[in-house]
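Raw contents of structure.cif, mmCIF, C-alpha atoms and all ligand atoms:
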data_coords
loop_
_atom_site.label_atom_id
_atom_site.label_comp_id
_atom_site.auth_asym_id
_atom_site.auth_seq_id
_atom_site.Cartn_x
_atom_site.Cartn_y
_atom_site.Cartn_z
CA MET Y 15 5.56 30.76 -51.73
CA ARG Y 16 1.95 29.60 -51.34
CA VAL Y 17 1.77 25.94 -50.38
CA LEU Y 18 -1.50 24.10 -49.87
CA VAL Y 19 -1.19 21.01 -47.68
CA ALA Y 20 -3.69 18.25 -48.40
CA ASN Y 21 -4.57 15.67 -45.76
CA LEU Y 22 -7.01 13.06 -47.04
CA GLY Y 23 -9.03 10.30 -45.48
CA SER Y 24 -11.37 7.91 -47.23
CA THR Y 25 -14.31 10.30 -46.62
CA SER Y 26 -12.52 13.47 -45.51
CA PHE Y 27 -10.35 16.27 -46.87
CA LYS Y 28 -8.49 18.67 -44.58
CA TYR Y 29 -6.27 21.43 -45.87
CA LYS Y 30 -4.08 24.32 -44.78
CA LEU Y 31 -2.78 27.07 -47.02
CA TYR Y 32 0.65 28.37 -45.96
CA ASP Y 33 2.78 31.31 -46.85
CA MET Y 34 6.27 29.78 -46.83
CA PRO Y 35 8.93 29.97 -45.49
CA ALA Y 36 7.27 32.04 -42.74
CA ALA Y 37 4.82 29.14 -42.20
CA ARG Y 38 2.01 31.66 -41.82
CA VAL Y 39 -1.37 29.95 -42.12
CA LEU Y 40 -3.47 31.91 -44.60
CA ALA Y 41 -6.45 29.59 -44.45
CA ARG Y 42 -7.45 26.20 -43.14
CA GLY Y 43 -10.47 24.04 -43.51
CA GLY Y 44 -11.93 20.59 -43.71
CA MET Y 45 -14.83 18.53 -44.93
CA ASP Y 46 -16.02 15.08 -44.05
CA ARG Y 47 -18.84 12.75 -45.14
CA ILE Y 48 -17.51 12.88 -48.71
CA GLY Y 49 -19.60 10.50 -50.81
CA GLY Y 50 -22.45 10.69 -48.31
CA SER Y 51 -24.93 13.35 -47.39
CA GLY Y 52 -24.89 16.25 -44.94
CA SER Y 53 -21.34 17.44 -45.62
CA VAL Y 54 -20.20 20.67 -44.04
CA HIS Y 55 -17.19 22.72 -45.11
CA GLU Y 56 -15.62 24.32 -42.03
CA PHE Y 57 -12.94 26.86 -42.83
CA CYS Y 58 -11.38 30.12 -41.75
CA PHE Y 59 -8.95 32.68 -43.13
CA GLY Y 60 -5.91 33.50 -40.99
CA GLU Y 61 -7.03 34.07 -37.43
CA GLY Y 62 -10.59 34.87 -38.54
CA ASP Y 63 -13.82 33.27 -37.36
CA GLU Y 64 -14.69 29.79 -38.43
CA ILE Y 65 -17.27 29.61 -41.22
CA GLU Y 66 -19.50 26.59 -41.76
CA LEU Y 67 -21.19 25.91 -45.08
CA GLU Y 68 -23.36 22.95 -45.97
CA CYS Y 69 -22.32 21.40 -49.26
CA ASP Y 70 -22.90 18.45 -51.53
CA LEU Y 71 -19.73 16.39 -51.95
CA PRO Y 72 -20.20 13.29 -54.10
CA ASP Y 73 -16.44 12.67 -54.28
CA HIS Y 74 -13.01 14.06 -53.38
CA ALA Y 75 -12.83 16.07 -56.60
CA ALA Y 76 -15.93 17.98 -55.50
CA ALA Y 77 -14.35 18.63 -52.08
CA ILE Y 78 -11.24 20.09 -53.72
CA ASP Y 79 -13.34 22.29 -56.01
CA GLU Y 80 -15.29 23.47 -52.96
CA ALA Y 81 -12.08 24.39 -51.09
CA LEU Y 82 -10.49 26.18 -54.05
CA GLY Y 83 -13.78 27.99 -54.66
CA ARG Y 84 -13.49 29.56 -51.20
CA LEU Y 85 -9.74 30.20 -51.29
CA VAL Y 86 -9.60 31.85 -54.72
CA GLY Y 87 -11.38 35.04 -55.75
CA PRO Y 88 -12.36 38.37 -54.22
CA GLU Y 89 -13.72 36.77 -51.05
CA GLY Y 90 -10.74 34.42 -50.67
CA VAL Y 91 -7.01 34.74 -50.00
CA MET Y 92 -5.67 34.28 -53.55
CA ALA Y 93 -6.63 36.31 -56.60
CA SER Y 94 -6.18 33.30 -58.88
CA THR Y 95 -5.02 29.69 -58.70
CA ALA Y 96 -1.79 30.82 -60.42
CA GLU Y 97 -0.66 32.06 -56.98
CA LEU Y 98 -0.65 28.50 -55.69
CA GLU Y 99 2.88 27.26 -56.34
CA ALA Y 100 2.64 23.84 -54.74
CA VAL Y 101 0.34 21.31 -53.17
CA GLY Y 102 2.00 19.09 -50.55
CA PHE Y 103 0.33 15.75 -49.87
CA LYS Y 104 0.70 13.77 -46.64
CA ALA Y 105 0.89 10.68 -48.82
CA VAL Y 106 0.76 7.26 -47.22
CA HIS Y 107 2.02 4.25 -49.14
CA ALA Y 108 3.93 3.62 -52.33
CA GLY Y 109 6.19 0.83 -51.04
CA ALA Y 110 9.83 1.54 -51.74
CA VAL Y 111 8.95 4.98 -53.15
CA THR Y 112 9.22 7.18 -50.10
CA GLY Y 113 10.69 10.46 -48.89
CA VAL Y 114 9.67 13.74 -50.54
CA VAL Y 115 8.97 13.29 -54.25
CA ASP Y 116 7.34 14.84 -57.27
CA LEU Y 117 4.00 13.12 -57.78
CA ASP Y 118 4.60 12.18 -61.38
CA ASP Y 119 2.80 9.39 -63.24
CA ASP Y 120 5.25 6.72 -62.02
CA VAL Y 121 4.68 7.56 -58.37
CA VAL Y 122 0.93 7.70 -58.86
CA GLU Y 123 1.07 4.27 -60.54
CA ARG Y 124 2.93 2.94 -57.49
CA MET Y 125 0.27 4.39 -55.21
CA ILE Y 126 -2.41 2.68 -57.29
CA ALA Y 127 -0.52 -0.61 -57.06
CA TYR Y 128 -0.70 -0.21 -53.26
CA TYR Y 129 -4.49 0.33 -53.12
CA PRO Y 130 -5.04 -3.13 -51.57
CA LEU Y 131 -2.53 -2.35 -48.81
CA ALA Y 132 -3.80 1.14 -47.97
CA PRO Y 133 -7.47 1.00 -48.97
CA ALA Y 134 -8.58 3.86 -46.71
CA HIS Y 135 -5.88 6.25 -47.92
CA ASN Y 136 -4.36 5.67 -51.35
CA PRO Y 137 -7.54 5.92 -53.47
CA ALA Y 138 -8.42 9.24 -51.82
CA TYR Y 139 -4.91 10.59 -52.43
CA VAL Y 140 -4.84 9.52 -56.07
CA ALA Y 141 -8.27 11.10 -56.65
CA ALA Y 142 -7.03 14.33 -55.07
CA ILE Y 143 -3.74 14.37 -57.00
CA ARG Y 144 -5.64 13.97 -60.28
CA GLN Y 145 -8.08 16.71 -59.41
CA PHE Y 146 -5.36 19.20 -58.42
CA ALA Y 147 -3.45 18.33 -61.61
CA ALA Y 148 -6.59 19.12 -63.61
CA VAL Y 149 -7.63 22.35 -61.91
CA VAL Y 150 -4.25 23.83 -60.84
CA PRO Y 151 -1.99 22.59 -63.66
CA ALA Y 152 0.82 25.06 -62.90
CA ALA Y 153 1.24 23.98 -59.25
CA ARG Y 154 3.90 21.41 -58.35
CA LEU Y 155 2.36 18.36 -56.68
CA ILE Y 156 4.67 16.99 -54.00
CA GLY Y 157 4.25 13.81 -51.96
CA CYS Y 158 5.70 13.74 -48.45
CA PHE Y 159 5.41 10.06 -47.63
CA GLU Y 160 4.49 9.03 -44.09
CA SER Y 161 6.98 6.17 -44.14
CA ALA Y 162 10.00 8.42 -44.78
CA PHE Y 163 10.60 9.29 -41.13
CA HIS Y 164 11.26 5.60 -40.44
CA GLY Y 165 13.96 5.21 -43.07
CA GLN Y 166 16.70 4.60 -40.47
CA VAL Y 167 14.90 1.91 -38.48
CA PRO Y 168 17.37 -1.00 -38.23
CA LEU Y 169 16.73 -3.83 -40.70
CA ARG Y 170 16.28 -6.33 -37.86
CA ARG Y 171 13.23 -4.26 -36.81
CA GLN Y 172 11.90 -3.87 -40.36
CA LEU Y 173 11.87 -7.55 -41.19
CA TYR Y 174 9.11 -10.02 -40.55
CA ALA Y 175 10.22 -13.61 -40.16
CA VAL Y 176 8.89 -14.60 -43.60
CA PRO Y 177 10.84 -16.26 -46.41
CA TYR Y 178 13.54 -13.70 -47.21
CA GLU Y 179 12.50 -13.66 -50.86
CA TRP Y 180 9.16 -12.11 -49.84
CA TYR Y 181 11.10 -9.16 -48.53
CA GLU Y 182 13.43 -8.99 -51.52
CA GLN Y 183 10.82 -9.49 -54.23
CA TYR Y 184 7.69 -7.93 -52.77
CA GLY Y 185 8.94 -5.55 -50.09
CA ILE Y 186 7.11 -7.42 -47.32
CA ARG Y 187 8.41 -5.57 -44.27
CA ARG Y 188 7.46 -3.01 -41.69
CA TYR Y 189 7.40 0.45 -43.25
CA GLY Y 190 5.93 2.53 -40.42
CA PHE Y 191 3.58 5.48 -40.93
CA HIS Y 192 2.42 8.68 -39.16
CA GLY Y 193 5.84 10.07 -40.02
CA ALA Y 194 4.72 13.71 -40.06
CA SER Y 195 3.20 13.48 -36.59
CA HIS Y 196 6.13 11.59 -35.07
CA ARG Y 197 8.58 14.04 -36.65
CA TYR Y 198 6.60 16.97 -35.26
CA ALA Y 199 6.57 15.35 -31.78
CA ALA Y 200 10.34 14.80 -31.96
CA GLU Y 201 10.93 18.46 -32.80
CA LYS Y 202 8.48 19.76 -30.20
CA VAL Y 203 9.82 17.62 -27.36
CA ARG Y 204 13.36 18.66 -28.26
CA GLU Y 205 12.22 22.26 -27.87
CA LEU Y 206 10.43 21.55 -24.57
CA ASN Y 207 13.16 19.38 -23.04
CA GLY Y 208 16.12 21.48 -24.10
CA PRO Y 209 19.55 20.14 -25.04
CA GLY Y 210 20.95 16.75 -24.03
CA ARG Y 211 20.32 13.13 -24.96
CA LEU Y 212 16.68 12.62 -25.87
CA ARG Y 213 15.29 9.11 -26.07
CA GLN Y 214 11.59 9.52 -26.64
CA ILE Y 215 8.56 7.37 -27.31
CA ASN Y 216 5.76 9.12 -29.13
CA CYS Y 217 2.30 7.58 -28.84
CA HIS Y 218 0.18 8.88 -31.73
CA LEU Y 219 -3.27 7.67 -30.71
CA GLY Y 220 -6.14 8.75 -32.93
CA GLY Y 221 -8.44 7.32 -35.59
CA SER Y 222 -5.37 5.28 -36.42
CA SER Y 223 -2.61 4.82 -33.89
CA SER Y 224 1.10 4.07 -33.79
CA LEU Y 225 4.04 4.32 -31.45
CA CYS Y 226 7.49 5.43 -32.49
CA ALA Y 227 10.83 4.99 -30.72
CA ILE Y 228 12.87 8.14 -31.36
CA ASP Y 229 16.54 8.53 -30.52
CA ASP Y 230 17.71 12.13 -30.74
CA GLY Y 231 15.16 12.87 -33.45
CA VAL Y 232 15.69 9.66 -35.46
CA SER Y 233 13.05 6.93 -35.67
CA ARG Y 234 14.32 3.56 -34.40
CA GLY Y 235 11.01 1.72 -34.58
CA SER Y 236 7.38 2.09 -35.57
CA SER Y 237 4.54 -0.12 -34.41
CA MET Y 238 2.84 0.04 -37.80
CA GLY Y 239 3.73 -2.65 -40.24
CA LEU Y 240 3.54 -3.40 -43.96
CA THR Y 241 0.33 -1.40 -43.99
CA PRO Y 242 -1.43 1.15 -41.79
CA GLN Y 243 -3.64 -1.70 -40.59
CA GLY Y 244 -0.87 -3.15 -38.41
CA GLY Y 245 0.44 -2.48 -34.90
CA VAL Y 246 -1.83 -1.46 -32.02
CA PRO Y 247 -5.62 -1.58 -32.54
CA HIS Y 248 -7.05 1.40 -34.43
CA ASN Y 249 -10.57 2.81 -34.29
CA ASN Y 250 -11.93 0.34 -36.86
CA ARG Y 251 -8.76 -1.28 -38.22
CA ILE Y 252 -7.32 -4.40 -36.78
CA GLY Y 253 -3.74 -3.97 -35.60
CA ASP Y 254 -1.50 -7.03 -35.27
CA LEU Y 255 -3.09 -10.45 -35.83
CA ASP Y 256 -1.95 -14.04 -36.28
CA PRO Y 257 -2.73 -14.50 -40.02
CA PHE Y 258 -4.01 -18.04 -39.48
CA ALA Y 259 -7.13 -16.58 -37.84
CA LEU Y 260 -8.28 -15.49 -41.30
CA GLU Y 261 -8.45 -19.00 -42.74
CA LEU Y 262 -10.60 -20.15 -39.83
CA VAL Y 263 -13.10 -17.28 -40.16
CA MET Y 264 -13.28 -17.67 -43.96
CA ARG Y 265 -14.04 -21.38 -43.58
CA GLU Y 266 -16.58 -21.06 -40.76
CA GLU Y 267 -18.38 -17.98 -42.09
CA GLY Y 268 -18.09 -18.82 -45.80
CA LEU Y 269 -16.38 -15.51 -46.52
CA SER Y 270 -14.03 -14.64 -49.35
CA PHE Y 271 -10.53 -13.37 -48.66
CA GLU Y 272 -11.60 -9.87 -49.75
CA GLN Y 273 -14.51 -9.97 -47.33
CA VAL Y 274 -12.38 -10.87 -44.31
CA LEU Y 275 -9.85 -8.21 -45.29
CA GLN Y 276 -12.69 -5.69 -45.40
CA GLN Y 277 -13.64 -6.71 -41.89
CA CYS Y 278 -10.01 -6.32 -40.81
CA SER Y 279 -9.78 -2.82 -42.26
CA GLY Y 280 -13.25 -1.51 -41.41
CA ALA Y 281 -15.03 -3.57 -38.76
CA SER Y 282 -12.24 -4.41 -36.34
CA GLY Y 283 -10.15 -2.43 -33.83
CA LEU Y 284 -12.18 -0.71 -31.09
CA LEU Y 285 -15.30 -0.92 -33.26
CA GLY Y 286 -14.96 -4.67 -33.58
CA LEU Y 287 -14.34 -5.12 -29.88
CA CYS Y 288 -17.22 -3.05 -28.51
CA GLY Y 289 -19.37 -1.76 -31.36
CA HIS Y 290 -18.18 1.87 -31.11
CA ASN Y 291 -15.16 3.56 -32.60
CA ASP Y 292 -15.16 7.01 -31.02
CA VAL Y 293 -13.22 6.91 -27.78
CA ARG Y 294 -15.44 9.63 -26.31
CA ASP Y 295 -18.45 7.32 -26.72
CA ILE Y 296 -16.54 4.28 -25.53
CA GLU Y 297 -15.34 6.05 -22.38
CA ALA Y 298 -18.83 7.35 -21.61
CA ARG Y 299 -20.29 3.87 -21.97
CA ALA Y 300 -17.48 2.29 -19.95
CA SER Y 301 -18.15 4.80 -17.15
CA ALA Y 302 -21.82 3.88 -17.29
CA GLY Y 303 -20.86 0.24 -16.67
CA ASP Y 304 -20.56 -1.27 -20.16
CA PRO Y 305 -17.92 -4.00 -19.64
CA ARG Y 306 -17.15 -4.49 -23.35
CA CYS Y 307 -16.34 -0.79 -23.77
CA ALA Y 308 -14.10 -0.87 -20.71
CA LEU Y 309 -12.39 -3.96 -22.12
CA ALA Y 310 -11.86 -2.33 -25.54
CA ILE Y 311 -9.97 0.54 -23.92
CA GLU Y 312 -7.90 -1.95 -21.94
CA VAL Y 313 -7.04 -3.92 -25.10
CA LEU Y 314 -5.82 -0.69 -26.70
CA THR Y 315 -3.81 0.49 -23.69
CA THR Y 316 -2.30 -2.97 -23.17
CA ALA Y 317 -1.09 -3.02 -26.77
CA VAL Y 318 0.35 0.48 -26.33
CA ARG Y 319 2.16 -0.66 -23.17
CA ASP Y 320 3.59 -3.67 -25.02
CA TYR Y 321 5.22 -1.41 -27.61
CA LEU Y 322 6.24 1.09 -24.95
CA GLY Y 323 8.13 -1.64 -23.11
CA ALA Y 324 9.73 -2.91 -26.31
CA TYR Y 325 10.88 0.58 -27.24
CA VAL Y 326 12.35 1.41 -23.82
CA VAL Y 327 14.49 -1.69 -24.26
CA GLU Y 328 15.35 -0.73 -27.87
CA LEU Y 329 16.38 2.78 -26.84
CA GLY Y 330 18.23 1.60 -23.71
CA GLY Y 331 16.64 4.31 -21.58
CA LEU Y 332 14.07 7.04 -21.75
CA GLU Y 333 13.92 10.80 -21.29
CA ALA Y 334 10.41 11.53 -22.59
CA ILE Y 335 7.03 10.04 -23.49
CA SER Y 336 4.69 12.12 -25.63
CA PHE Y 337 1.08 11.70 -26.69
CA THR Y 338 -0.41 13.02 -29.94
CA GLY Y 339 -3.58 12.36 -31.98
CA GLY Y 340 -7.20 12.87 -30.93
CA ILE Y 341 -7.04 10.19 -28.22
CA GLY Y 342 -3.49 10.94 -27.06
CA GLU Y 343 -4.22 14.65 -26.74
CA ASN Y 344 -7.54 14.33 -25.01
CA SER Y 345 -8.08 11.05 -23.20
CA ARG Y 346 -6.82 11.22 -19.65
CA THR Y 347 -8.17 7.69 -19.09
CA VAL Y 348 -6.07 6.24 -21.90
CA ARG Y 349 -2.95 8.11 -20.76
CA GLN Y 350 -3.49 7.06 -17.16
CA GLN Y 351 -3.89 3.40 -18.13
CA VAL Y 352 -0.87 3.49 -20.44
CA LEU Y 353 1.37 4.97 -17.75
CA ALA Y 354 0.02 3.14 -14.69
CA GLY Y 355 2.75 1.65 -12.48
CA LEU Y 356 5.71 2.88 -14.53
CA ASP Y 357 7.48 4.47 -11.55
CA PHE Y 358 10.17 1.82 -11.91
CA LEU Y 359 11.04 3.41 -15.26
CA GLY Y 360 11.08 6.83 -13.65
CA ALA Y 361 7.85 7.85 -15.46
CA ARG Y 362 5.34 9.32 -13.04
CA LEU Y 363 2.17 11.02 -14.22
CA ASP Y 364 0.75 13.87 -12.15
CA PRO Y 365 -2.99 13.04 -11.85
CA GLU Y 366 -4.02 16.70 -11.79
CA ARG Y 367 -1.87 17.68 -14.77
CA ASN Y 368 -3.18 14.65 -16.63
CA ASN Y 369 -6.60 16.34 -16.69
CA GLN Y 370 -5.24 18.86 -19.19
CA SER Y 371 -5.30 18.79 -22.97
CA PRO Y 372 -2.86 20.84 -25.03
CA ASP Y 373 -4.47 24.21 -25.52
CA ALA Y 374 -4.92 25.63 -28.96
CA VAL Y 375 -2.37 28.39 -28.45
CA ALA Y 376 0.56 26.69 -26.77
CA GLY Y 377 -0.16 23.29 -28.34
CA SER Y 378 1.51 21.32 -25.56
CA CYS Y 379 1.27 20.55 -21.87
CA ALA Y 380 3.55 18.77 -19.42
CA LEU Y 381 1.81 15.99 -17.50
CA HIS Y 382 4.65 14.58 -15.38
CA ALA Y 383 4.99 14.88 -11.61
CA ASP Y 384 7.74 17.16 -10.32
CA ASP Y 385 9.79 14.14 -9.21
CA SER Y 386 9.35 12.19 -12.47
CA GLY Y 387 12.63 11.25 -14.15
CA VAL Y 388 10.90 10.99 -17.53
CA ALA Y 389 9.11 13.99 -19.04
CA ILE Y 390 5.53 13.29 -20.16
CA TYR Y 391 3.77 15.56 -22.64
CA ALA Y 392 0.49 15.84 -24.51
CA LEU Y 393 1.02 17.62 -27.81
CA ARG Y 394 -1.32 19.00 -30.41
CA THR Y 395 0.37 17.56 -33.44
CA ASP Y 396 0.85 19.66 -36.57
CA GLU Y 397 1.36 17.30 -39.47
CA GLU Y 398 0.49 19.98 -42.02
CA LEU Y 399 3.33 22.20 -40.83
CA ILE Y 400 5.81 19.36 -41.38
CA VAL Y 401 4.44 18.72 -44.90
CA ALA Y 402 4.52 22.44 -45.74
CA ARG Y 403 8.15 22.70 -44.62
CA GLN Y 404 9.19 19.55 -46.48
CA THR Y 405 7.45 20.73 -49.64
CA HIS Y 406 9.07 24.15 -49.44
CA GLU Y 407 12.53 22.68 -48.75
CA PHE Y 408 12.15 20.24 -51.64
CA LEU Y 409 11.26 23.02 -54.06
CA THR Y 410 13.93 25.47 -52.94
P1 LIG Y 501 -7.44 10.81 -37.45
O1 LIG Y 501 -6.51 9.65 -37.26
O2 LIG Y 501 -8.68 10.46 -38.20
O3 LIG Y 501 -6.78 12.09 -37.90
P2 LIG Y 501 -7.68 12.04 -34.82
O4 LIG Y 501 -6.23 12.08 -34.49
O5 LIG Y 501 -8.40 13.31 -35.01
O6 LIG Y 501 -8.01 11.06 -36.01
O7 LIG Y 501 -8.38 11.23 -33.64
C1 LIG Y 501 -9.70 10.83 -33.70
C2 LIG Y 501 -9.99 10.03 -32.43
O8 LIG Y 501 -9.77 10.90 -31.30
C3 LIG Y 501 -11.41 9.52 -32.33
O9 LIG Y 501 -11.40 8.13 -31.96
C4 LIG Y 501 -11.98 10.32 -31.19
O10 LIG Y 501 -12.86 9.63 -30.41
C5 LIG Y 501 -10.77 10.64 -30.34
N1 LIG Y 501 -11.04 11.81 -29.50
C6 LIG Y 501 -11.27 13.07 -29.90
N2 LIG Y 501 -11.55 13.85 -28.83
C7 LIG Y 501 -11.49 13.05 -27.74
C8 LIG Y 501 -11.71 13.24 -26.33
N3 LIG Y 501 -12.02 14.43 -25.85
N4 LIG Y 501 -11.56 12.18 -25.52
C9 LIG Y 501 -11.25 10.97 -26.00
N5 LIG Y 501 -11.04 10.72 -27.31
C10 LIG Y 501 -11.17 11.74 -28.17
#

Do you think you could lay out the structure here as structure tokens?
Amino acid sequence: MRVLVANLGSTSFKYKLYDMPAARVLARGGMDRIGGSGSVHEFCFGEGDEIELECDLPDHAAAIDEALGRLVGPEGVMASTAELEAVGFKAVHAGAVTGVVDLDDDVVERMIAYYPLAPAHNPAYVAAIRQFAAVVPAARLIGCFESAFHGQVPLRRQLYAVPYEWYEQYGIRRYGFHGASHRYAAEKVRELNGPGRLRQINCHLGGSSSLCAIDDGVSRGSSMGLTPQGGVPHNNRIGDLDPFALELVMREEGLSFEQVLQQCSGASGLLGLCGHNDVRDIEARASAGDPRCALAIEVLTTAVRDYLGAYVVELGGLEAISFTGGIGENSRTVRQQVLAGLDFLGARLDPERNNQSPDAVAGSCALHADDSGVAIYALRTDEELIVARQTHEFLT
């Protein structure tokens, strides 16, 4: 079965085409700067060389047409779009609609209703779903919602202390996201650690970041909240905030509610703190003596440590800590700060091993010292693989 996995951001589209159930990657690619200028489509077939093509991508529909144009035909890996049996979407938010579902009109309507809560994700997904429905009408469109992995988080951890009716009537609660990445990390660390009790905390630190407490493969807590804006600071999204701050800023700056929300979801996080949102730039500037950049990293790592502590207590012990996402995989500074002084928990980083990043082949590396009681890993996450498997299982 040919399954295309679609991973969308507000200005990006990444995809992988799988042959299932073997999970053989037939093609993969990605585009960013959608809606802007200077887009490049980077893709490759199987293990082949990466190809880069400049393209004009006014919207997500154009990006999907560009991808299918390369995948289908004599130069591609499918003779016709009829070979594509399913498209699996790493869908983000539709409130109580979660799990693995057919993306019918009702589900799409729910996703549209959640635009205000997931402004960077839901509009891009809905645009992509509509485009695939138009150009590959025979393919099944399946949503694998990011919140599904957190379905067994205890209610006491889901609830905010708001009037209970807000929860009952409007679903105001913590949902948790990054489910595909946390699920992948749970499976990978199980493989690396072998049998036995496995209480794990996965730190997915990337453009958006969340921690997950995982007990023998089951999520017991996610740092993200009602929306993917919550939890620890993200690259340009806010993380947790006392809501009363908003009223003060609106009053003093003469801003509308929509305007402050836009600042929370696009001009906050690391960007808001130091003016940069790429951790590579922030680390370089911090090393060159920029105090605000150094502080931004410390605000992020402090928030990560807060959740780490909370989740050790929730799990009642710890066998492994894992890092995923662009920052978690690559930033030795962030990992070192997050794990500093945790010997009392039995978690000891080896400074030399911490210089590694998971290599492209093995996809993982162990970073703990030989005498550490807690295993520490950096993992190259594979969210698309999880979505491909879920889509295939759903359809078979
Ligand atoms: P997304 O959430 O958009 O999928 P990623 O997981 O790819 O994002 O992570 C993107 C983040 O990873 C960016 O903030 C980027 O700076 C950071 N990053 C990528 N490479 C490195 C690196 N070598 N060192 C530090 N941070 C890195």

Kindly work out which residues sit at most 6 Å from ligand LIG 501 (chain Y), using only C-alpha atoms and all ligand atoms, and give the list as an MDAnalysis selection string. chainID Y and resid 220:222 249 291:294 339:341 344:345

For a quick check of understanding, using all atoms listed in the file, which of Y:Pro137, Y:Gly62, Y:Pro305, Y:Gly210 has the smallest distance to Asp229 in chain Y? Y:Gly210

Fewer than 4 positions away in the same chain doesn't count, so skip those; otherwise give me all residues within 9 Å of Asp73 in chain Y, counting only C-alpha atoms, as a PDB file with C-alpha atoms, keeping the file's coordinate frame.
ATOM      1  CA  THR Y  25     -14.310  10.300 -46.620  1.00  0.00           C
ATOM      2  CA  ILE Y  48     -17.510  12.880 -48.710  1.00  0.00           C
ATOM      3  CA  GLY Y  49     -19.600  10.500 -50.810  1.00  0.00           C
ATOM      4  CA  GLY Y  50     -22.450  10.690 -48.310  1.00  0.00           C
ATOM      5  CA  ALA Y  77     -14.350  18.630 -52.080  1.00  0.00           C
ATOM      6  CA  ALA Y 141      -8.270  11.100 -56.650  1.00  0.00           C
TER       7      ALA Y 141
END

Would you list the contacts of Phe163 in chain Y as a PyMOL selection string, taking every protein, DNA or RNA residue within 7 Å and counting all atoms listed in the file, but skipping same-chain residues closer than 4 positions in sequence? chain Y and resi 193+197+233

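Restricting the calculation to all atoms listed in the file, the smallest distance between Ala110 in chain Y and any of Y:Ala138, Y:Ile252, Y:Val327, Y:Ala162 is found for Y:Ala162.
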
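Take the candidates Y:Tyr128, Y:Phe358, Y:Tyr325, Y:Tyr391 and check each one against Glu343 in chain Y using only C-alpha atoms; the shortest distance goes to Y:Tyr391.
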
What's the separation between CA of Gln404 in chain Y and CA of Tyr321 in chain Y, in Å to one decimal place?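 It comes out at 28.5 Å.
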
Among Y:Asp396, Y:Glu89, Y:Glu333, Y:Glu123, Phe59 in chain Y is approached most closely, using only C-alpha atoms, by Y:Glu89
